[in-house]
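Heads up, data_6.cif below (mmCIF, N, CA and C atoms):
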```
data_protein
#
loop_
_atom_site.label_atom_id
_atom_site.label_comp_id
_atom_site.auth_asym_id
_atom_site.auth_seq_id
_atom_site.Cartn_x
_atom_site.Cartn_y
_atom_site.Cartn_z
N MET K 1 -22.06 -2.75 -1.08
CA MET K 1 -20.80 -2.06 -1.24
C MET K 1 -20.75 -1.26 -2.54
N GLY K 2 -21.81 -1.36 -3.35
CA GLY K 2 -21.83 -0.60 -4.59
C GLY K 2 -21.03 -1.24 -5.72
N VAL K 3 -20.72 -2.52 -5.60
CA VAL K 3 -19.98 -3.23 -6.65
C VAL K 3 -20.69 -4.56 -6.90
N SER K 4 -20.68 -5.00 -8.16
CA SER K 4 -21.36 -6.25 -8.48
C SER K 4 -20.68 -7.42 -7.78
N ARG K 5 -21.45 -8.46 -7.52
CA ARG K 5 -20.94 -9.65 -6.84
C ARG K 5 -19.79 -10.28 -7.65
N ASN K 6 -19.96 -10.35 -8.99
CA ASN K 6 -18.92 -10.93 -9.84
C ASN K 6 -17.63 -10.14 -9.77
N LEU K 7 -17.74 -8.83 -9.81
CA LEU K 7 -16.54 -7.99 -9.75
C LEU K 7 -15.85 -8.12 -8.39
N LEU K 8 -16.63 -8.13 -7.32
CA LEU K 8 -16.06 -8.28 -5.98
C LEU K 8 -15.37 -9.64 -5.85
N THR K 9 -16.00 -10.70 -6.33
CA THR K 9 -15.40 -12.03 -6.29
C THR K 9 -14.10 -12.07 -7.06
N ASP K 10 -14.09 -11.46 -8.24
CA ASP K 10 -12.88 -11.43 -9.07
C ASP K 10 -11.75 -10.68 -8.37
N ARG K 11 -12.07 -9.54 -7.79
CA ARG K 11 -11.03 -8.74 -7.11
C ARG K 11 -10.51 -9.45 -5.86
N LEU K 12 -11.40 -10.04 -5.09
CA LEU K 12 -10.94 -10.78 -3.90
C LEU K 12 -10.08 -11.98 -4.31
N SER K 13 -10.47 -12.67 -5.37
CA SER K 13 -9.68 -13.81 -5.85
C SER K 13 -8.28 -13.37 -6.28
N THR K 14 -8.20 -12.22 -6.94
CA THR K 14 -6.90 -11.68 -7.35
C THR K 14 -6.03 -11.37 -6.14
N LEU K 15 -6.62 -10.80 -5.09
CA LEU K 15 -5.86 -10.49 -3.87
C LEU K 15 -5.42 -11.77 -3.15
N VAL K 16 -6.28 -12.80 -3.16
CA VAL K 16 -5.92 -14.08 -2.55
C VAL K 16 -4.78 -14.72 -3.33
N GLU K 17 -4.90 -14.76 -4.66
CA GLU K 17 -3.85 -15.34 -5.51
C GLU K 17 -2.53 -14.58 -5.37
N GLY K 18 -2.61 -13.28 -5.15
CA GLY K 18 -1.41 -12.46 -4.98
C GLY K 18 -0.79 -12.57 -3.60
N GLY K 19 -1.44 -13.28 -2.69
CA GLY K 19 -0.89 -13.48 -1.36
C GLY K 19 -1.10 -12.33 -0.40
N LEU K 20 -2.02 -11.41 -0.73
CA LEU K 20 -2.28 -10.26 0.14
C LEU K 20 -3.42 -10.51 1.11
N VAL K 21 -4.34 -11.39 0.73
CA VAL K 21 -5.53 -11.67 1.51
C VAL K 21 -5.70 -13.18 1.61
N GLU K 22 -6.23 -13.64 2.75
CA GLU K 22 -6.52 -15.07 2.90
C GLU K 22 -8.00 -15.24 3.19
N ARG K 23 -8.54 -16.35 2.67
CA ARG K 23 -9.95 -16.70 2.84
C ARG K 23 -10.09 -17.73 3.93
N THR K 24 -11.04 -17.53 4.83
CA THR K 24 -11.30 -18.49 5.90
C THR K 24 -12.80 -18.76 5.94
N PRO K 25 -13.21 -20.04 5.82
CA PRO K 25 -14.65 -20.32 5.89
C PRO K 25 -15.18 -20.06 7.31
N TYR K 26 -16.33 -19.41 7.39
CA TYR K 26 -16.94 -19.18 8.70
C TYR K 26 -18.33 -19.81 8.79
N GLN K 27 -18.82 -20.36 7.65
CA GLN K 27 -20.13 -21.00 7.63
C GLN K 27 -20.07 -22.12 6.58
N GLN K 28 -20.73 -23.25 6.88
CA GLN K 28 -20.65 -24.41 5.98
C GLN K 28 -21.83 -24.53 5.01
N LYS K 29 -23.06 -24.22 5.44
CA LYS K 29 -24.22 -24.38 4.57
C LYS K 29 -25.00 -23.09 4.50
N PRO K 30 -24.89 -22.33 3.43
CA PRO K 30 -23.92 -22.45 2.35
C PRO K 30 -22.53 -22.01 2.83
N VAL K 31 -21.52 -22.42 2.10
CA VAL K 31 -20.16 -22.04 2.48
C VAL K 31 -19.99 -20.53 2.28
N ARG K 32 -19.55 -19.87 3.32
CA ARG K 32 -19.26 -18.43 3.27
C ARG K 32 -17.89 -18.21 3.87
N TYR K 33 -17.23 -17.15 3.39
CA TYR K 33 -15.85 -16.89 3.79
C TYR K 33 -15.69 -15.49 4.37
N SER K 34 -14.76 -15.40 5.28
CA SER K 34 -14.30 -14.08 5.72
C SER K 34 -12.92 -13.89 5.09
N TYR K 35 -12.52 -12.65 4.93
CA TYR K 35 -11.24 -12.34 4.30
C TYR K 35 -10.41 -11.52 5.28
N GLY K 36 -9.14 -11.85 5.37
CA GLY K 36 -8.24 -11.12 6.25
C GLY K 36 -6.90 -10.93 5.57
N LEU K 37 -6.17 -9.94 6.02
CA LEU K 37 -4.86 -9.65 5.44
C LEU K 37 -3.84 -10.70 5.86
N THR K 38 -2.98 -11.07 4.93
CA THR K 38 -1.83 -11.92 5.23
C THR K 38 -0.72 -11.00 5.76
N ASP K 39 0.42 -11.56 6.12
CA ASP K 39 1.55 -10.72 6.54
C ASP K 39 1.96 -9.77 5.42
N ALA K 40 1.95 -10.26 4.18
CA ALA K 40 2.30 -9.40 3.04
C ALA K 40 1.28 -8.26 2.90
N GLY K 41 0.00 -8.57 3.09
CA GLY K 41 -1.03 -7.54 3.02
C GLY K 41 -0.88 -6.50 4.11
N LYS K 42 -0.53 -6.96 5.33
CA LYS K 42 -0.33 -6.03 6.44
C LYS K 42 0.85 -5.09 6.18
N GLU K 43 1.88 -5.60 5.51
CA GLU K 43 3.04 -4.75 5.19
C GLU K 43 2.71 -3.72 4.12
N LEU K 44 1.64 -3.92 3.38
CA LEU K 44 1.21 -2.97 2.36
C LEU K 44 0.46 -1.78 2.97
N VAL K 45 -0.10 -1.95 4.16
CA VAL K 45 -0.92 -0.90 4.78
C VAL K 45 -0.16 0.42 4.96
N PRO K 46 1.08 0.44 5.47
CA PRO K 46 1.78 1.73 5.58
C PRO K 46 1.97 2.43 4.24
N ILE K 47 2.13 1.67 3.17
CA ILE K 47 2.24 2.27 1.83
C ILE K 47 0.93 2.94 1.46
N LEU K 48 -0.17 2.28 1.73
CA LEU K 48 -1.48 2.86 1.44
C LEU K 48 -1.74 4.09 2.30
N MET K 49 -1.27 4.06 3.56
CA MET K 49 -1.42 5.24 4.42
C MET K 49 -0.59 6.41 3.87
N ALA K 50 0.62 6.13 3.37
CA ALA K 50 1.46 7.18 2.79
C ALA K 50 0.80 7.76 1.55
N LEU K 51 0.18 6.92 0.72
CA LEU K 51 -0.55 7.42 -0.45
C LEU K 51 -1.75 8.26 -0.03
N THR K 52 -2.41 7.86 1.05
CA THR K 52 -3.53 8.65 1.58
C THR K 52 -3.04 10.03 2.02
N ALA K 53 -1.89 10.08 2.69
CA ALA K 53 -1.32 11.36 3.13
C ALA K 53 -1.00 12.24 1.93
N TRP K 54 -0.49 11.64 0.86
CA TRP K 54 -0.20 12.40 -0.37
C TRP K 54 -1.51 12.99 -0.92
N GLY K 55 -2.56 12.17 -0.97
CA GLY K 55 -3.85 12.65 -1.46
C GLY K 55 -4.40 13.76 -0.59
N ASP K 56 -4.22 13.65 0.74
CA ASP K 56 -4.68 14.70 1.64
C ASP K 56 -3.94 16.01 1.38
N ARG K 57 -2.67 15.90 1.04
CA ARG K 57 -1.86 17.11 0.79
C ARG K 57 -2.20 17.77 -0.54
N TRP K 58 -2.42 16.96 -1.58
CA TRP K 58 -2.55 17.51 -2.93
C TRP K 58 -3.96 17.47 -3.48
N ALA K 59 -4.89 16.75 -2.87
CA ALA K 59 -6.24 16.64 -3.42
C ALA K 59 -7.28 16.48 -2.31
N THR K 60 -7.14 17.26 -1.24
CA THR K 60 -8.09 17.17 -0.14
C THR K 60 -9.47 17.62 -0.59
N PRO K 61 -10.50 16.84 -0.31
CA PRO K 61 -11.86 17.28 -0.64
C PRO K 61 -12.21 18.55 0.13
N PRO K 62 -13.14 19.34 -0.38
CA PRO K 62 -13.52 20.59 0.28
C PRO K 62 -13.92 20.43 1.75
N ALA K 63 -14.51 19.29 2.09
CA ALA K 63 -14.94 19.07 3.48
C ALA K 63 -13.79 18.68 4.40
N GLY K 64 -12.62 18.40 3.84
CA GLY K 64 -11.46 18.00 4.65
C GLY K 64 -11.06 16.56 4.42
N GLN K 65 -10.09 16.12 5.19
CA GLN K 65 -9.58 14.76 5.06
C GLN K 65 -10.70 13.73 5.23
N PRO K 66 -10.76 12.74 4.34
CA PRO K 66 -11.79 11.71 4.50
C PRO K 66 -11.46 10.69 5.59
N ILE K 67 -10.21 10.60 5.99
CA ILE K 67 -9.82 9.65 7.03
C ILE K 67 -8.62 10.22 7.79
N ARG K 68 -8.55 9.94 9.08
CA ARG K 68 -7.40 10.33 9.90
C ARG K 68 -6.82 9.08 10.54
N PHE K 69 -5.53 9.11 10.78
CA PHE K 69 -4.86 7.99 11.41
C PHE K 69 -4.38 8.42 12.79
N THR K 70 -4.75 7.65 13.81
CA THR K 70 -4.28 7.91 15.16
C THR K 70 -3.26 6.85 15.53
N HIS K 71 -2.06 7.30 15.95
CA HIS K 71 -1.00 6.39 16.38
C HIS K 71 -1.37 5.91 17.77
N THR K 72 -1.70 4.63 17.90
CA THR K 72 -2.21 4.12 19.16
C THR K 72 -1.15 4.13 20.28
N THR K 73 0.13 4.14 19.93
CA THR K 73 1.18 4.16 20.94
C THR K 73 1.19 5.48 21.70
N CYS K 74 1.06 6.62 20.97
CA CYS K 74 1.11 7.92 21.63
C CYS K 74 -0.25 8.60 21.72
N GLY K 75 -1.25 8.08 20.98
CA GLY K 75 -2.59 8.65 21.02
C GLY K 75 -2.79 9.89 20.17
N LYS K 76 -1.80 10.26 19.36
CA LYS K 76 -1.89 11.47 18.54
C LYS K 76 -2.32 11.14 17.12
N VAL K 77 -3.06 12.09 16.50
CA VAL K 77 -3.37 11.99 15.08
C VAL K 77 -2.05 12.20 14.34
N THR K 78 -1.76 11.34 13.36
CA THR K 78 -0.48 11.38 12.68
C THR K 78 -0.65 11.48 11.18
N THR K 79 0.36 12.03 10.53
CA THR K 79 0.45 12.05 9.07
C THR K 79 1.49 11.01 8.68
N PRO K 80 1.09 9.94 8.02
CA PRO K 80 2.05 8.91 7.64
C PRO K 80 3.14 9.47 6.73
N THR K 81 4.37 9.07 6.98
CA THR K 81 5.51 9.48 6.16
C THR K 81 6.39 8.27 5.90
N VAL K 82 7.19 8.35 4.85
CA VAL K 82 8.17 7.31 4.55
C VAL K 82 9.49 7.80 5.11
N CYS K 83 10.11 6.99 5.97
CA CYS K 83 11.32 7.41 6.67
C CYS K 83 12.48 6.46 6.40
N CYS K 84 13.69 6.99 6.58
CA CYS K 84 14.90 6.19 6.46
C CYS K 84 14.92 5.13 7.57
N SER K 85 15.20 3.89 7.19
CA SER K 85 15.24 2.82 8.17
C SER K 85 16.43 2.94 9.11
N GLU K 86 17.42 3.74 8.74
CA GLU K 86 18.63 3.87 9.55
C GLU K 86 18.60 5.05 10.51
N CYS K 87 18.19 6.24 10.03
CA CYS K 87 18.24 7.43 10.89
C CYS K 87 16.87 7.96 11.28
N GLY K 88 15.80 7.50 10.60
CA GLY K 88 14.45 7.94 10.93
C GLY K 88 14.01 9.22 10.25
N ASP K 89 14.91 9.89 9.51
CA ASP K 89 14.53 11.11 8.80
C ASP K 89 13.55 10.78 7.67
N PRO K 90 12.61 11.69 7.38
CA PRO K 90 11.70 11.47 6.24
C PRO K 90 12.51 11.38 4.94
N LEU K 91 12.09 10.50 4.06
CA LEU K 91 12.76 10.37 2.76
C LEU K 91 12.09 11.28 1.75
N ARG K 92 12.91 12.07 1.06
CA ARG K 92 12.46 12.95 -0.02
C ARG K 92 13.29 12.65 -1.26
N MET K 93 12.74 12.96 -2.40
CA MET K 93 13.39 12.66 -3.67
C MET K 93 14.83 13.19 -3.72
N ASP K 94 15.05 14.41 -3.29
CA ASP K 94 16.38 15.02 -3.38
C ASP K 94 17.39 14.42 -2.41
N ASP K 95 16.92 13.61 -1.46
CA ASP K 95 17.80 13.05 -0.44
C ASP K 95 18.16 11.58 -0.69
N VAL K 96 17.75 11.03 -1.84
CA VAL K 96 17.95 9.61 -2.11
C VAL K 96 18.69 9.44 -3.43
N GLU K 97 19.67 8.56 -3.44
CA GLU K 97 20.40 8.24 -4.67
C GLU K 97 20.23 6.75 -4.96
N PRO K 98 19.50 6.42 -6.02
CA PRO K 98 19.32 5.00 -6.33
C PRO K 98 20.58 4.40 -6.94
N SER K 99 20.81 3.13 -6.69
CA SER K 99 21.90 2.40 -7.31
C SER K 99 21.45 0.96 -7.47
N PRO K 100 22.05 0.22 -8.39
CA PRO K 100 21.60 -1.15 -8.61
C PRO K 100 21.81 -2.03 -7.38
N GLY K 101 20.87 -2.88 -7.15
CA GLY K 101 20.99 -3.86 -6.07
C GLY K 101 21.52 -5.17 -6.62
N PRO K 102 21.71 -6.14 -5.73
CA PRO K 102 22.29 -7.41 -6.16
C PRO K 102 21.42 -8.16 -7.18
N GLY K 103 20.14 -7.88 -7.21
CA GLY K 103 19.26 -8.54 -8.17
C GLY K 103 18.98 -7.68 -9.39
N GLY K 104 19.69 -6.54 -9.51
CA GLY K 104 19.46 -5.63 -10.63
C GLY K 104 19.83 -6.25 -11.96
N ARG K 105 19.09 -5.86 -12.98
CA ARG K 105 19.40 -6.32 -14.33
C ARG K 105 18.95 -5.26 -15.31
N THR K 106 19.48 -5.32 -16.49
CA THR K 106 19.10 -4.39 -17.53
C THR K 106 17.98 -5.02 -18.35
N ALA K 107 16.85 -4.34 -18.39
CA ALA K 107 15.69 -4.78 -19.16
C ALA K 107 14.76 -3.59 -19.31
N PRO K 108 13.85 -3.65 -20.26
CA PRO K 108 12.91 -2.53 -20.41
C PRO K 108 12.19 -2.22 -19.11
N GLY K 109 12.22 -0.96 -18.71
CA GLY K 109 11.51 -0.51 -17.51
C GLY K 109 12.27 -0.63 -16.22
N THR K 110 13.46 -1.25 -16.22
CA THR K 110 14.16 -1.46 -14.96
C THR K 110 14.85 -0.20 -14.44
N ALA K 111 15.06 0.77 -15.29
CA ALA K 111 15.75 1.99 -14.87
C ALA K 111 14.79 3.14 -14.63
N LEU K 112 13.51 2.86 -14.53
CA LEU K 112 12.50 3.91 -14.42
C LEU K 112 12.70 4.80 -13.20
N ILE K 113 12.90 4.24 -12.03
CA ILE K 113 13.03 5.06 -10.82
C ILE K 113 14.24 5.97 -10.93
N ALA K 114 15.36 5.43 -11.35
CA ALA K 114 16.56 6.26 -11.51
C ALA K 114 16.31 7.37 -12.51
N THR K 115 15.63 7.08 -13.60
CA THR K 115 15.35 8.09 -14.62
C THR K 115 14.45 9.18 -14.05
N VAL K 116 13.42 8.81 -13.32
CA VAL K 116 12.50 9.78 -12.73
C VAL K 116 13.25 10.67 -11.74
N LEU K 117 14.20 10.10 -11.00
CA LEU K 117 14.96 10.86 -10.02
C LEU K 117 16.08 11.67 -10.66
N GLY K 118 16.26 11.54 -11.99
CA GLY K 118 17.28 12.29 -12.68
C GLY K 118 18.67 11.74 -12.51
N VAL K 119 18.78 10.44 -12.23
CA VAL K 119 20.08 9.80 -12.03
C VAL K 119 20.30 8.86 -13.21
N GLU K 120 21.46 8.91 -13.79
CA GLU K 120 21.79 7.99 -14.88
C GLU K 120 21.95 6.58 -14.31
N PRO K 121 21.20 5.61 -14.82
CA PRO K 121 21.33 4.24 -14.31
C PRO K 121 22.76 3.72 -14.44
N LYS K 122 23.21 2.99 -13.42
CA LYS K 122 24.58 2.47 -13.39
C LYS K 122 24.59 0.97 -13.61
N LEU K 123 23.65 0.45 -14.39
CA LEU K 123 23.57 -1.01 -14.60
C LEU K 123 24.56 -1.47 -15.63
#
```

Represent the structure from my file as structure tokens, please.
Amino acid sequence: MGVSRNLLTDRLSTLVEGGLVERTPYQQKPVRYSYGLTDAGKELVPILMALTAWGDRWATPPAGQPIRFTHTTCGKVTTPTVCCSECGDPLRMDDVEPSPGPGGRTAPGTALIATVLGVEPKL
């Protein structure tokens, strides 16, 4: 894979500890493991696809997109987007107004998203 065994072990351990990946033994002598996504890891995949779409839009390699996503339900190649959970419209910066949630608190770095969006934090 082009990465040292120690580095790969460290990164996989971090993902396991973070609850994104789970280890399952598939061989006993010597013990070897397969790695699979947990539910939390699976929920991260659409975020990674959206970041891939951003990269395709702003930093496409000269040869073209390095990966395409096909929506298996309709069979079409798709561009992942982040959409409103209520109406289905794509979410864009100018269409969203952040406000504190029930777990909001004032602390260093907590108002970053509001600041980036040009909204004065209401905490």

| request: Starting from the shown file, work through the PyMOL selection byres ((chain K and resi 12-27) around 7) and note down what comes out as a ChimeraX atom specification. | output: /K:7-11,28-42

Just list as number ranges by chain whatever in chain K DSSP marks as strand (DSSP E or B).
K: 21-27, 32-37, 69-71, 76-78, 83, 90

Practice item. Determine the residue set returned by the PyMOL selection byres ((chain K and resi 80-92) around 6.5) for the present structure, and present it as a ChimeraX atom specification. Key: /K:49-50,53,78-79,93-96

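Pairwise distance (atom C of Thr60 of chain K, atom C of Thr73 of chain K) equals 27.5 Å.
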
### Task
Apply DSSP to the backbone of this structure and, from chain K, keep only the residues in alpha helix (DSSP H); write these as a VMD selection string.
chain K and resid 5 to 17 39 to 58 112 to 116

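Atom CA of Val77 of chain K is found 12.1 Å from atom CA of Gln65 of chain K.
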
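Here atom C of Leu48 of chain K is placed at a distance of 12.2 Å from atom C of Pro66 of chain K.
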
As AutoDock Vina command-line options, please report the centre and edge lengths, rounded to one decimal in Å, of the axis-aligned box that holds all listed atoms of segment 87-98 of chain K with 4 Å of padding on each of the six sides.
```
--center_x 16.1 --center_y 9.7 --center_z 2.2 --size_x 16.9 --size_y 18.6 --size_z 26.2
```
